[in-house]
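File shown: model_27.cif. Contents: mmCIF, C-alpha atoms and all ligand atoms.
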```
data_entry
#
loop_
_atom_site.label_atom_id
_atom_site.label_comp_id
_atom_site.auth_asym_id
_atom_site.auth_seq_id
_atom_site.Cartn_x
_atom_site.Cartn_y
_atom_site.Cartn_z
CA MET A 27 -80.38 27.41 -13.86
CA LYS A 28 -79.86 24.52 -11.46
CA LYS A 29 -76.27 24.07 -10.32
CA LEU A 30 -74.47 20.86 -9.63
CA ILE A 31 -70.92 20.37 -8.39
CA ILE A 32 -69.09 17.23 -9.45
CA ALA A 33 -66.59 16.47 -6.69
CA THR A 34 -63.69 15.69 -9.01
CA LYS A 35 -60.32 17.14 -9.94
CA ASN A 36 -60.09 14.86 -12.96
CA GLU A 37 -60.56 16.89 -16.17
CA GLY A 38 -61.53 13.78 -18.18
CA LYS A 39 -64.36 12.96 -15.80
CA ALA A 40 -65.48 16.62 -15.59
CA ARG A 41 -65.66 16.83 -19.40
CA GLU A 42 -67.76 13.67 -19.59
CA PHE A 43 -70.19 14.85 -16.91
CA ARG A 44 -70.64 18.17 -18.73
CA SER A 45 -71.59 16.31 -21.90
CA LEU A 46 -73.83 13.80 -20.09
CA PHE A 47 -76.13 16.55 -18.77
CA PRO A 48 -78.35 18.33 -21.32
CA GLU A 49 -76.92 21.77 -22.04
CA GLY A 50 -78.96 24.67 -20.68
CA GLU A 51 -80.76 22.64 -18.00
CA VAL A 52 -78.10 22.09 -15.37
CA GLU A 53 -74.90 24.06 -14.81
CA VAL A 54 -72.22 21.45 -14.15
CA LEU A 55 -69.15 22.61 -12.22
CA SER A 56 -66.21 20.54 -11.04
CA LEU A 57 -63.62 21.20 -8.35
CA LEU A 58 -61.35 22.48 -11.14
CA ASP A 59 -63.71 25.48 -11.49
CA LEU A 60 -63.46 26.39 -7.79
CA GLU A 61 -60.69 28.15 -5.89
CA GLU A 62 -58.65 26.12 -3.40
CA PRO A 63 -60.82 23.01 -3.49
CA LEU A 64 -60.53 20.48 -0.68
CA ASP A 65 -58.46 17.38 -1.26
CA VAL A 66 -60.57 14.50 0.05
CA GLU A 67 -58.54 11.46 1.04
CA GLU A 68 -59.79 8.24 -0.57
CA THR A 69 -59.48 5.93 2.42
CA GLY A 70 -62.37 3.59 1.55
CA ASN A 71 -62.02 -0.05 0.53
CA THR A 72 -64.63 0.18 -2.20
CA PHE A 73 -65.56 2.60 -4.99
CA THR A 74 -68.85 3.26 -3.22
CA GLU A 75 -67.20 4.15 0.10
CA ASN A 76 -64.84 6.59 -1.63
CA ALA A 77 -67.65 8.18 -3.64
CA ILE A 78 -69.60 8.78 -0.40
CA LEU A 79 -66.53 10.30 1.31
CA LYS A 80 -65.98 12.74 -1.57
CA ALA A 81 -69.66 13.65 -2.04
CA GLU A 82 -70.38 14.29 1.63
CA GLU A 83 -67.24 16.30 2.38
CA ILE A 84 -67.64 18.58 -0.65
CA SER A 85 -71.39 18.95 -0.11
CA ARG A 86 -70.79 19.95 3.52
CA LYS A 87 -68.17 22.52 2.50
CA TYR A 88 -70.17 24.20 -0.28
CA GLN A 89 -73.65 23.60 1.21
CA THR A 90 -74.99 22.45 -2.12
CA THR A 91 -75.82 19.29 -4.05
CA VAL A 92 -72.76 17.32 -5.08
CA ILE A 93 -72.18 14.20 -7.16
CA ALA A 94 -68.92 12.32 -6.60
CA ASP A 95 -67.51 9.68 -8.91
CA ASP A 96 -65.10 7.03 -7.75
CA SER A 97 -64.16 4.75 -10.58
CA GLY A 98 -61.49 2.43 -11.86
CA LEU A 99 -60.42 -0.66 -13.70
CA GLU A 100 -60.82 -4.23 -12.41
CA ILE A 101 -58.68 -6.84 -14.17
CA ASP A 102 -59.65 -10.47 -13.52
CA TYR A 103 -56.13 -11.87 -14.06
CA LEU A 104 -54.90 -9.47 -11.35
CA ASN A 105 -57.73 -10.48 -8.97
CA GLY A 106 -59.53 -7.17 -9.44
CA ALA A 107 -56.48 -4.87 -9.33
CA PRO A 108 -55.91 -1.96 -9.78
CA GLY A 109 -59.47 -1.44 -8.48
CA VAL A 110 -59.76 1.42 -5.98
CA TYR A 111 -56.03 2.07 -6.50
CA SER A 112 -56.46 2.69 -10.26
CA ALA A 113 -55.47 6.39 -10.12
CA ARG A 114 -52.35 5.76 -8.00
CA TYR A 115 -51.43 2.32 -9.39
CA ALA A 116 -47.92 3.31 -10.49
CA GLY A 117 -47.39 5.89 -7.75
CA ALA A 118 -48.84 8.82 -5.82
CA GLU A 119 -48.34 11.26 -8.72
CA LYS A 120 -51.29 9.58 -10.53
CA ASN A 121 -49.78 9.39 -14.00
CA ASP A 122 -52.03 7.76 -16.64
CA GLN A 123 -49.13 6.71 -18.89
CA ASP A 124 -47.20 5.10 -16.02
CA ASN A 125 -50.37 3.32 -14.88
CA ILE A 126 -50.97 1.94 -18.39
CA ASN A 127 -47.34 0.79 -18.67
CA LYS A 128 -47.63 -1.04 -15.37
CA VAL A 129 -50.80 -2.86 -16.44
CA LEU A 130 -49.31 -3.82 -19.83
CA LYS A 131 -46.20 -5.17 -18.12
CA GLU A 132 -48.21 -7.24 -15.66
CA LEU A 133 -50.30 -8.73 -18.46
CA SER A 134 -47.39 -9.31 -20.79
CA GLY A 135 -47.67 -12.80 -22.31
CA VAL A 136 -51.17 -13.36 -20.89
CA PRO A 137 -53.45 -14.79 -23.63
CA ALA A 138 -56.49 -12.86 -24.91
CA ASN A 139 -59.09 -15.02 -23.17
CA LYS A 140 -57.50 -14.27 -19.79
CA ARG A 141 -57.37 -10.49 -20.24
CA THR A 142 -60.98 -9.81 -19.21
CA ALA A 143 -61.64 -6.59 -17.30
CA ARG A 144 -64.30 -4.03 -16.48
CA PHE A 145 -64.56 -0.36 -15.73
CA VAL A 146 -66.60 0.38 -12.62
CA CYS A 147 -68.10 3.74 -11.64
CA ALA A 148 -69.70 4.42 -8.27
CA LEU A 149 -71.63 7.68 -8.00
CA ALA A 150 -72.78 9.22 -4.73
CA VAL A 151 -75.21 12.14 -4.58
CA SER A 152 -75.24 14.23 -1.44
CA SER A 153 -77.16 17.31 -0.41
CA PRO A 154 -77.24 19.16 2.95
CA GLY A 155 -79.89 17.60 5.17
CA LYS A 156 -80.56 14.69 2.82
CA GLU A 157 -79.52 11.07 2.93
CA THR A 158 -76.67 10.25 0.54
CA LYS A 159 -77.54 7.78 -2.21
CA THR A 160 -75.26 5.67 -4.41
CA VAL A 161 -75.40 3.74 -7.67
CA THR A 162 -72.85 1.70 -9.65
CA GLY A 163 -72.31 1.25 -13.37
CA THR A 164 -69.97 -1.08 -15.26
CA VAL A 165 -68.76 -1.86 -18.78
CA ASP A 166 -67.02 -5.11 -19.79
CA GLY A 167 -63.96 -5.46 -21.95
CA TYR A 168 -60.45 -6.79 -22.38
CA ILE A 169 -57.01 -5.33 -21.78
CA ASN A 170 -55.50 -4.69 -25.22
CA GLU A 171 -51.91 -5.68 -26.02
CA GLN A 172 -50.96 -2.05 -26.69
CA ARG A 173 -52.39 1.46 -26.74
CA GLU A 174 -54.88 2.32 -29.52
CA GLY A 175 -56.70 5.64 -30.00
CA ASN A 176 -56.46 9.16 -28.61
CA GLY A 177 -59.89 9.81 -27.11
CA GLY A 178 -61.10 9.67 -23.54
CA PHE A 179 -58.68 9.61 -20.61
CA GLY A 180 -57.05 7.29 -18.08
CA TYR A 181 -56.92 3.65 -19.14
CA ASP A 182 -59.13 4.16 -22.25
CA PRO A 183 -56.33 3.46 -24.81
CA ILE A 184 -55.85 -0.10 -23.48
CA PHE A 185 -59.48 -0.94 -22.71
CA PHE A 186 -60.91 -2.97 -25.60
CA VAL A 187 -64.70 -2.73 -25.54
CA LYS A 188 -66.25 -6.12 -26.17
CA ASP A 189 -69.34 -4.84 -27.98
CA LYS A 190 -67.51 -2.31 -30.16
CA CYS A 191 -64.37 -4.22 -31.21
CA ARG A 192 -62.34 -1.05 -30.57
CA THR A 193 -60.64 0.46 -27.57
CA MET A 194 -62.52 3.03 -25.51
CA ALA A 195 -60.05 5.66 -26.77
CA GLU A 196 -61.04 4.89 -30.40
CA LEU A 197 -64.71 5.64 -29.73
CA THR A 198 -66.23 9.07 -30.29
CA LYS A 199 -67.37 11.01 -27.24
CA GLU A 200 -70.97 10.09 -28.10
CA GLU A 201 -70.13 6.39 -28.50
CA LYS A 202 -68.35 6.32 -25.14
CA ASN A 203 -71.23 8.15 -23.46
CA ALA A 204 -73.68 5.57 -24.82
CA ILE A 205 -71.94 2.61 -23.18
CA SER A 206 -69.58 3.79 -20.44
CA HIS A 207 -69.67 2.75 -16.79
CA ARG A 208 -70.13 6.46 -15.95
CA ALA A 209 -73.12 6.91 -18.28
CA ASN A 210 -74.58 3.62 -17.05
CA ALA A 211 -74.32 4.77 -13.41
CA LEU A 212 -75.71 8.23 -14.18
CA GLU A 213 -78.69 6.64 -15.92
CA LYS A 214 -79.47 4.78 -12.70
CA LEU A 215 -79.21 8.05 -10.77
CA GLN A 216 -81.59 9.98 -13.05
CA GLY A 217 -84.71 8.73 -11.28
CA ILE A 218 -83.70 10.16 -7.90
CA LEU A 219 -81.70 13.21 -9.03
CA PRO A 220 -84.70 15.60 -9.16
CA GLU A 221 -85.08 15.15 -5.37
CA TYR A 222 -81.57 16.56 -4.98
CA ILE A 223 -81.29 19.46 -7.44
O1 LIG B 1 -63.83 6.34 -18.20
C1 LIG B 1 -62.68 6.03 -17.86
N1 LIG B 1 -61.73 5.78 -18.78
C2 LIG B 1 -60.47 5.48 -18.46
N2 LIG B 1 -60.01 5.43 -17.22
C3 LIG B 1 -60.92 5.68 -16.24
C4 LIG B 1 -62.26 5.97 -16.51
N3 LIG B 1 -62.91 6.17 -15.36
C5 LIG B 1 -62.02 6.00 -14.40
N4 LIG B 1 -60.80 5.71 -14.93
C6 LIG B 1 -59.53 5.53 -14.22
C7 LIG B 1 -58.75 6.83 -14.18
C8 LIG B 1 -58.12 6.80 -12.84
O2 LIG B 1 -56.92 6.05 -12.90
C9 LIG B 1 -59.13 6.02 -11.99
C10 LIG B 1 -60.12 6.93 -11.30
O3 LIG B 1 -59.67 7.23 -9.99
P1 LIG B 1 -60.55 8.23 -9.08
O4 LIG B 1 -59.97 8.33 -7.74
O5 LIG B 1 -61.99 7.81 -9.20
O6 LIG B 1 -60.43 9.60 -9.85
P2 LIG B 1 -59.28 10.70 -9.83
O7 LIG B 1 -58.38 10.51 -8.64
O8 LIG B 1 -58.62 10.73 -11.16
O9 LIG B 1 -60.11 12.04 -9.67
P3 LIG B 1 -61.12 12.44 -8.45
O10 LIG B 1 -60.89 11.47 -7.32
O11 LIG B 1 -60.77 13.84 -8.10
O12 LIG B 1 -62.50 12.32 -9.01
O13 LIG B 1 -59.81 5.17 -12.87
MG MG B 2 -59.22 10.17 -6.82
#
```
Final structure tokens representation of the file:
Amino acid sequence: MKKLIIATKNEGKAREFRSLFPEGEVEVLSLLDLEEPLDVEETGNTFTENAILKAEEISRKYQTTVIADDSGLEIDYLNGAPGVYSARYAGAEKNDQDNINKVLKELSGVPANKRTARFVCALAVSSPGKETKTVTGTVDGYINEQREGNGGFGYDPIFFVKDKCRTMAELTKEEKNAISHRANALEKLQGILPEYI
């Protein structure tokens, strides 16, 4: 079976990638399945730059095809923050609950029509001896007043999906996979992926 490493230490992302690839066709591993994985520093100014950094470094180390995902939340009222700092918004320990609390505090009292936001996902695919390619996917929504739902990960409990009238955390796995920024980006990658795996 073809093997693909997803250059992530985020269990939520790894779970979604496993379910986005048809079972039995591609074996999807993440850095959480490997011993002593590298920690790639995210020094880029954009999601795309960070995805390239992660994909190329991990692909070089394991000499195999790697997809990296750099993603996050852009809130218009905060001029695009937390953006590339989404994971470390409330501090270096990358705590989802602290990050959510910080966003809710910053948007406290802000009316519904000014709470527009989007999730962005940049994917980079890298393979030894091949040119790295990137794609980006997005999904639009609003920042909810409080947490709702237990599904997903990260900022999902406060991300109200425009087209679903529920938060991302209230959607089933299948519903999220049908509309998410990650699924949207992966769809764009499908056409070129066979050249890499
Ligand atoms: O579908 C999503 N639903 C909710 N939140 C999400 C989603 N997708 C990204 N996010 C948030 C989580 C984290 O705060 C940041 C990603 O940061 P990002 O650096 O790309 O990932 P990470 O550090 O958790 O793992 P890694 O770099 O090992 O892939 O955006
Ligand atoms: Mg990261």
Between CA of Ser56 in chain A and CA of Asp122 in chain A, distance in Å (one decimal):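 CA of Asp122 in chain A lies 19.9 Å from CA of Ser56 in chain A.
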Distance filter 6 Å around ligand LIG 1 (chain B), atoms: only C-alpha atoms and all ligand atoms, out as a list of chain:residue names: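 The distance check yields A:Thr34, A:Lys35, A:Asn36, A:Asp95, A:Asp96, A:Ser97, A:Gly98, A:Leu99, A:Ser112, A:Ala113, A:Phe179, A:Gly180, A:Tyr181, A:Asp182.
Pairwise distance (CA of Pro108 in chain A, CA of Asn125 in chain A) equals 9.2 Å.
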Closest of A:Asn76, A:Thr142, A:Gln123, A:Thr164 to Val110 in chain A - atom-to-atom distances counting all atoms listed in the file: A:Asn76
Nearest to ligand MG 2 (chain B), chosen from A:Arg44, A:Lys202, A:Arg114, A:Lys214, with all atoms listed in the file counted in the distances: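 Result for the nearest residue to ligand MG 2 (chain B): A:Arg114.
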